[in-house]
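Student: Questions regarding the structure given below will be posed in turn.
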Amino acid sequence: QVKGVELSFGGPDAIVSTDAENFDRILMNLLSNAYKFTPGGGKVTVTTTISKTDKLATVCVADTGIGISAEGLETLFKKFSQVDNYLQRKSGGTGLGLSICKGLVEKMGGKIWADSVPGKGSKFYFTVVMNDAV
């Protein structure tokens, strides 16, 4: 189903030391969620920032979707946790995706978190260790 969500990328390039397969799984899960919860005409943006001091790259997947309540943010990364809203019930899911992402990010030495405003969208962030060559 094509619904017309704009996807864009920005930020500096970074060389990271990580498991490529798990990095892909994390990014694809976050992009899939962003697309699922963004109505037609909305936007999904992937941006990077780097901290040479901490040797960390931060990836942010932001959307202009339905957003998440403060209560929902508290349980977002727990197993079998789903935010109760109409689109979540309609689209299904097991409530494991973000929990798995959290485990993979932590296994790679990073952290994951989210900010959201109901009705305005969500931003999911995760950090990855940068290669010493950067």
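Numbering starts fresh at 1 for the residues of each chain in the structure tokens, the chains themselves are lettered A, B, ... in the order given, and ligands are numbered from 1 as they appear.
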Excluding range 117-129 of chain A and its own-chain neighbours fewer than 2 positions away, which residues fall within 8 Å of it when counting only C-alpha atoms? Please give them as number ranges by chain.

Tutor: A: 16-18, 30, 34, 38, 55-69, 105, 108-115, 131

Student: Please identify which residues in chain A DSSP calls strand (DSSP E or B) from the backbone, and express them as a PyMOL selection string.

Tutor: chain A and resi 6-10+16+43-51+56-63+112-117+121-130

Student: Export N, CA, C and O atoms of the chosen residues as a compact mmCIF listing (two decimals), in the first residue's frame?

Tutor:
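What landed in result07.txt:
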# COMPACT_ATOMS: atom_id res chain seq x y z
N GLU A 6 7.08 11.03 2.83
CA GLU A 6 8.38 11.51 2.35
C GLU A 6 9.49 11.00 3.27
O GLU A 6 9.40 11.10 4.48
N LEU A 7 10.56 10.48 2.67
CA LEU A 7 11.72 9.99 3.42
C LEU A 7 12.92 10.84 3.05
O LEU A 7 13.20 11.05 1.87
N SER A 8 13.64 11.35 4.06
CA SER A 8 14.84 12.14 3.79
C SER A 8 15.94 11.77 4.77
O SER A 8 15.69 11.21 5.83
N PHE A 9 17.18 12.10 4.38
CA PHE A 9 18.36 11.79 5.17
C PHE A 9 19.21 13.04 5.32
O PHE A 9 19.26 13.86 4.42
N GLY A 10 19.91 13.16 6.45
CA GLY A 10 20.78 14.31 6.65
C GLY A 10 21.80 14.05 7.74
O GLY A 10 21.70 13.07 8.47
N VAL A 16 31.47 3.65 11.62
CA VAL A 16 31.18 3.06 12.91
C VAL A 16 31.74 1.64 13.00
O VAL A 16 31.89 0.95 12.00
N LYS A 43 6.11 12.90 6.99
CA LYS A 43 7.54 12.82 6.71
C LYS A 43 8.24 11.91 7.71
O LYS A 43 7.89 11.89 8.89
N VAL A 44 9.24 11.20 7.21
CA VAL A 44 10.16 10.43 8.04
C VAL A 44 11.56 10.91 7.67
O VAL A 44 11.90 10.99 6.49
N THR A 45 12.35 11.26 8.68
CA THR A 45 13.69 11.80 8.45
C THR A 45 14.70 11.01 9.28
O THR A 45 14.47 10.76 10.46
N VAL A 46 15.80 10.64 8.64
CA VAL A 46 16.90 9.99 9.34
C VAL A 46 18.06 10.97 9.35
O VAL A 46 18.48 11.46 8.30
N THR A 47 18.55 11.30 10.55
CA THR A 47 19.69 12.21 10.66
C THR A 47 20.75 11.60 11.57
O THR A 47 20.45 10.78 12.42
N THR A 48 21.97 12.04 11.35
CA THR A 48 23.08 11.60 12.20
C THR A 48 23.75 12.81 12.82
O THR A 48 23.76 13.89 12.24
N THR A 49 24.28 12.60 14.01
CA THR A 49 25.16 13.58 14.64
C THR A 49 26.34 12.79 15.18
O THR A 49 26.22 11.60 15.48
N ILE A 50 27.47 13.45 15.29
CA ILE A 50 28.65 12.76 15.82
C ILE A 50 29.25 13.55 16.97
O ILE A 50 29.18 14.77 17.02
N SER A 51 29.81 12.79 17.91
CA SER A 51 30.54 13.37 19.03
C SER A 51 31.93 12.76 19.01
O SER A 51 32.10 11.59 19.41
N LEU A 56 31.05 8.69 19.58
CA LEU A 56 29.73 8.12 19.34
C LEU A 56 29.06 8.81 18.17
O LEU A 56 29.17 10.03 17.99
N ALA A 57 28.36 8.02 17.38
CA ALA A 57 27.47 8.55 16.35
C ALA A 57 26.05 8.32 16.86
O ALA A 57 25.74 7.25 17.40
N THR A 58 25.20 9.32 16.71
CA THR A 58 23.80 9.17 17.10
C THR A 58 22.95 9.21 15.83
O THR A 58 23.09 10.11 15.01
N VAL A 59 22.10 8.22 15.69
CA VAL A 59 21.16 8.14 14.57
C VAL A 59 19.79 8.50 15.13
O VAL A 59 19.38 7.98 16.18
N CYS A 60 19.08 9.37 14.42
CA CYS A 60 17.73 9.76 14.83
C CYS A 60 16.76 9.46 13.69
O CYS A 60 16.98 9.88 12.56
N VAL A 61 15.71 8.70 13.99
CA VAL A 61 14.63 8.46 13.05
C VAL A 61 13.43 9.24 13.58
O VAL A 61 12.89 8.92 14.65
N ALA A 62 13.05 10.28 12.85
CA ALA A 62 11.96 11.16 13.28
C ALA A 62 10.80 11.03 12.31
O ALA A 62 10.99 10.82 11.11
N ASP A 63 9.59 11.17 12.84
CA ASP A 63 8.41 11.12 11.98
C ASP A 63 7.42 12.20 12.38
O ASP A 63 7.53 12.79 13.45
N ILE A 112 19.52 3.56 23.49
CA ILE A 112 18.39 3.92 22.65
C ILE A 112 17.35 4.63 23.51
O ILE A 112 17.18 4.28 24.68
N TRP A 113 16.71 5.64 22.95
CA TRP A 113 15.67 6.37 23.67
C TRP A 113 14.74 7.04 22.66
O TRP A 113 15.01 7.05 21.46
N ALA A 114 13.67 7.61 23.17
CA ALA A 114 12.69 8.26 22.30
C ALA A 114 12.13 9.51 22.95
O ALA A 114 12.07 9.61 24.17
N ASP A 115 11.74 10.46 22.11
CA ASP A 115 11.00 11.65 22.51
C ASP A 115 9.76 11.70 21.63
O ASP A 115 9.83 11.32 20.45
N SER A 116 8.66 12.16 22.16
CA SER A 116 7.46 12.22 21.35
C SER A 116 6.47 13.23 21.89
O SER A 116 6.43 13.50 23.09
N VAL A 117 5.66 13.75 20.98
CA VAL A 117 4.54 14.62 21.33
C VAL A 117 3.31 14.06 20.63
O VAL A 117 3.30 13.96 19.40
N GLY A 121 4.31 13.69 16.39
CA GLY A 121 5.34 12.79 15.89
C GLY A 121 6.28 12.30 16.98
O GLY A 121 6.15 12.64 18.15
N SER A 122 7.21 11.47 16.54
CA SER A 122 8.16 10.84 17.45
C SER A 122 9.57 10.92 16.90
O SER A 122 9.77 11.02 15.69
N LYS A 123 10.54 10.87 17.81
CA LYS A 123 11.95 10.80 17.45
C LYS A 123 12.56 9.65 18.24
O LYS A 123 12.48 9.63 19.47
N PHE A 124 13.16 8.72 17.52
CA PHE A 124 13.87 7.61 18.13
C PHE A 124 15.35 7.79 17.86
O PHE A 124 15.75 8.02 16.72
N TYR A 125 16.15 7.69 18.92
CA TYR A 125 17.59 7.89 18.82
C TYR A 125 18.30 6.62 19.27
O TYR A 125 17.86 5.96 20.20
N PHE A 126 19.44 6.34 18.62
CA PHE A 126 20.33 5.32 19.16
C PHE A 126 21.77 5.69 18.84
O PHE A 126 22.04 6.37 17.86
N THR A 127 22.66 5.27 19.72
CA THR A 127 24.09 5.60 19.55
C THR A 127 24.86 4.36 19.12
O THR A 127 24.50 3.23 19.46
N VAL A 128 25.92 4.62 18.38
CA VAL A 128 26.82 3.57 17.89
C VAL A 128 28.25 4.08 18.08
O VAL A 128 28.53 5.26 17.86
N VAL A 129 29.14 3.20 18.47
CA VAL A 129 30.55 3.57 18.66
C VAL A 129 31.19 3.83 17.30
O VAL A 129 31.03 3.04 16.36
N MET A 130 31.89 4.95 17.19
CA MET A 130 32.57 5.29 15.94
C MET A 130 33.92 4.62 15.85
O MET A 130 34.57 4.36 16.86

Student: Interatomic distance between CA of Ala20 in chain A and CA of Gly4 in chain A?

Tutor: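 Interatomic distance here is 28.8 Å.
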
Student: In Å, how far is it from CA of Lys78 in chain A to CA of Cys101 in chain A?

Tutor: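 Those two atoms sit 10.4 Å apart.
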
Student: Would you mind writing down, as a VMD selection string, each residue of range 18-116 of chain A that DSSP on the backbone assigns to alpha helix (DSSP H)?

Tutor: chain A and resid 20 to 36 70 to 75 86 to 91 97 to 107

Student: Take the residues from that selection and put them in a file with N, CA, C and O atoms, as a short mmCIF file (atom, residue, chain, number, x, y, z; two decimals), in the first residue's frame.

Tutor:
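Below you can see result-v6.cif, which holds the result:
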data_model
loop_
_atom_site.label_atom_id
_atom_site.label_comp_id
_atom_site.auth_asym_id
_atom_site.auth_seq_id
_atom_site.Cartn_x
_atom_site.Cartn_y
_atom_site.Cartn_z
N ALA A 20 27.04 -5.06 11.38
CA ALA A 20 26.25 -4.48 10.28
C ALA A 20 24.83 -5.08 10.23
O ALA A 20 23.86 -4.35 9.99
N GLU A 21 24.72 -6.36 10.44
CA GLU A 21 23.40 -7.01 10.38
C GLU A 21 22.47 -6.48 11.47
O GLU A 21 21.31 -6.16 11.22
N ASN A 22 22.98 -6.35 12.68
CA ASN A 22 22.16 -5.83 13.77
C ASN A 22 21.86 -4.34 13.59
O ASN A 22 20.76 -3.89 13.89
N PHE A 23 22.82 -3.59 13.08
CA PHE A 23 22.58 -2.18 12.78
C PHE A 23 21.43 -2.06 11.79
O PHE A 23 20.52 -1.25 11.97
N ASP A 24 21.46 -2.88 10.74
CA ASP A 24 20.38 -2.87 9.75
C ASP A 24 19.04 -3.23 10.38
O ASP A 24 18.02 -2.62 10.06
N ARG A 25 19.03 -4.22 11.26
CA ARG A 25 17.78 -4.63 11.92
C ARG A 25 17.19 -3.49 12.74
O ARG A 25 15.99 -3.24 12.73
N ILE A 26 18.05 -2.79 13.47
CA ILE A 26 17.59 -1.67 14.30
C ILE A 26 17.01 -0.58 13.41
O ILE A 26 15.89 -0.11 13.63
N LEU A 27 17.78 -0.17 12.42
CA LEU A 27 17.34 0.92 11.54
C LEU A 27 16.06 0.55 10.80
O LEU A 27 15.13 1.36 10.71
N MET A 28 15.98 -0.66 10.29
CA MET A 28 14.78 -1.08 9.56
C MET A 28 13.56 -1.14 10.47
O MET A 28 12.45 -0.77 10.06
N ASN A 29 13.72 -1.57 11.71
CA ASN A 29 12.60 -1.60 12.64
C ASN A 29 12.10 -0.19 12.93
O ASN A 29 10.89 0.08 12.92
N LEU A 30 13.03 0.73 13.18
CA LEU A 30 12.65 2.10 13.48
C LEU A 30 12.00 2.77 12.27
O LEU A 30 10.99 3.48 12.40
N LEU A 31 12.54 2.51 11.08
CA LEU A 31 11.93 3.08 9.86
C LEU A 31 10.55 2.48 9.60
O LEU A 31 9.62 3.20 9.22
N SER A 32 10.41 1.19 9.81
CA SER A 32 9.13 0.53 9.61
C SER A 32 8.08 1.10 10.55
O SER A 32 6.94 1.39 10.14
N ASN A 33 8.43 1.27 11.82
CA ASN A 33 7.50 1.86 12.78
C ASN A 33 7.13 3.30 12.40
O ASN A 33 5.97 3.69 12.47
N ALA A 34 8.14 4.07 12.00
CA ALA A 34 7.89 5.46 11.62
C ALA A 34 6.91 5.52 10.45
O ALA A 34 5.96 6.31 10.45
N TYR A 35 7.12 4.67 9.46
CA TYR A 35 6.23 4.64 8.30
C TYR A 35 4.82 4.19 8.70
O TYR A 35 3.83 4.79 8.29
N LYS A 36 4.76 3.16 9.53
CA LYS A 36 3.47 2.60 9.94
C LYS A 36 2.61 3.63 10.66
O LYS A 36 1.40 3.70 10.44
N ALA A 70 3.30 10.36 27.21
CA ALA A 70 4.35 10.23 28.22
C ALA A 70 4.28 8.86 28.89
O ALA A 70 5.31 8.23 29.14
N GLU A 71 3.08 8.38 29.16
CA GLU A 71 2.91 7.05 29.76
C GLU A 71 3.42 5.96 28.82
O GLU A 71 4.04 5.00 29.24
N GLY A 72 3.14 6.11 27.53
CA GLY A 72 3.60 5.15 26.54
C GLY A 72 5.11 5.12 26.43
O GLY A 72 5.72 4.05 26.26
N LEU A 73 5.76 6.28 26.54
CA LEU A 73 7.21 6.34 26.46
C LEU A 73 7.88 5.57 27.60
O LEU A 73 8.96 5.02 27.43
N GLU A 74 7.22 5.52 28.76
CA GLU A 74 7.80 4.84 29.93
C GLU A 74 7.96 3.34 29.70
O GLU A 74 8.87 2.73 30.25
N THR A 75 7.08 2.73 28.92
CA THR A 75 7.11 1.28 28.73
C THR A 75 7.51 0.87 27.32
O THR A 75 7.50 -0.32 27.00
N TYR A 86 -5.37 3.66 18.31
CA TYR A 86 -6.13 3.07 17.22
C TYR A 86 -5.23 2.45 16.15
O TYR A 86 -5.46 1.33 15.73
N LEU A 87 -4.19 3.16 15.71
CA LEU A 87 -3.34 2.62 14.66
C LEU A 87 -2.58 1.38 15.11
O LEU A 87 -2.36 0.48 14.33
N GLN A 88 -2.18 1.34 16.37
CA GLN A 88 -1.49 0.15 16.87
C GLN A 88 -2.41 -1.06 16.82
O GLN A 88 -2.02 -2.13 16.39
N ARG A 89 -3.65 -0.88 17.26
CA ARG A 89 -4.60 -2.00 17.23
C ARG A 89 -4.88 -2.43 15.80
O ARG A 89 -4.99 -3.61 15.51
N LYS A 90 -4.98 -1.47 14.89
CA LYS A 90 -5.29 -1.74 13.49
C LYS A 90 -4.13 -2.45 12.80
O LYS A 90 -4.33 -3.36 12.00
N SER A 91 -2.90 -2.05 13.10
CA SER A 91 -1.74 -2.59 12.38
C SER A 91 -1.13 -3.83 13.03
O SER A 91 -0.32 -4.50 12.44
N GLY A 97 9.45 -5.57 18.83
CA GLY A 97 10.41 -4.89 17.97
C GLY A 97 11.33 -3.92 18.70
O GLY A 97 12.55 -3.97 18.56
N LEU A 98 10.76 -3.02 19.49
CA LEU A 98 11.59 -2.03 20.19
C LEU A 98 12.39 -2.66 21.32
O LEU A 98 13.50 -2.23 21.61
N SER A 99 11.85 -3.69 21.94
CA SER A 99 12.60 -4.41 22.97
C SER A 99 13.83 -5.09 22.36
O SER A 99 14.92 -5.04 22.92
N ILE A 100 13.64 -5.69 21.20
CA ILE A 100 14.76 -6.32 20.49
C ILE A 100 15.78 -5.26 20.09
O ILE A 100 16.98 -5.45 20.26
N CYS A 101 15.30 -4.13 19.57
CA CYS A 101 16.22 -3.03 19.21
C CYS A 101 17.04 -2.60 20.41
O CYS A 101 18.25 -2.40 20.29
N LYS A 102 16.39 -2.46 21.55
CA LYS A 102 17.10 -2.05 22.77
C LYS A 102 18.21 -3.04 23.10
O LYS A 102 19.35 -2.65 23.39
N GLY A 103 17.89 -4.32 23.05
CA GLY A 103 18.89 -5.35 23.34
C GLY A 103 20.05 -5.31 22.37
O GLY A 103 21.22 -5.43 22.76
N LEU A 104 19.76 -5.12 21.08
CA LEU A 104 20.82 -5.08 20.06
C LEU A 104 21.69 -3.84 20.22
O LEU A 104 22.92 -3.93 20.13
N VAL A 105 21.07 -2.69 20.47
CA VAL A 105 21.84 -1.45 20.67
C VAL A 105 22.76 -1.60 21.87
O VAL A 105 23.94 -1.26 21.82
N GLU A 106 22.24 -2.11 22.97
CA GLU A 106 23.05 -2.28 24.17
C GLU A 106 24.17 -3.30 23.96
O GLU A 106 25.28 -3.11 24.45
N LYS A 107 23.89 -4.35 23.20
CA LYS A 107 24.91 -5.35 22.89
C LYS A 107 26.07 -4.72 22.10
O LYS A 107 27.22 -5.12 22.22
#

Student: Work out how far CA of Asp19 in chain A is from CA of Thr53 in chain A, in Å to one decimal.

Tutor: 22.0 Å

Student: Check the smallest atom-to-atom distance from each of A:Ile15, A:Leu76, A:Val2, A:Leu96 to Lys52 in chain A using only C-alpha atoms, then report the winner.

Tutor: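 Looking only at the distances to Lys52 in chain A, the closest residue turns out to be A:Ile15.
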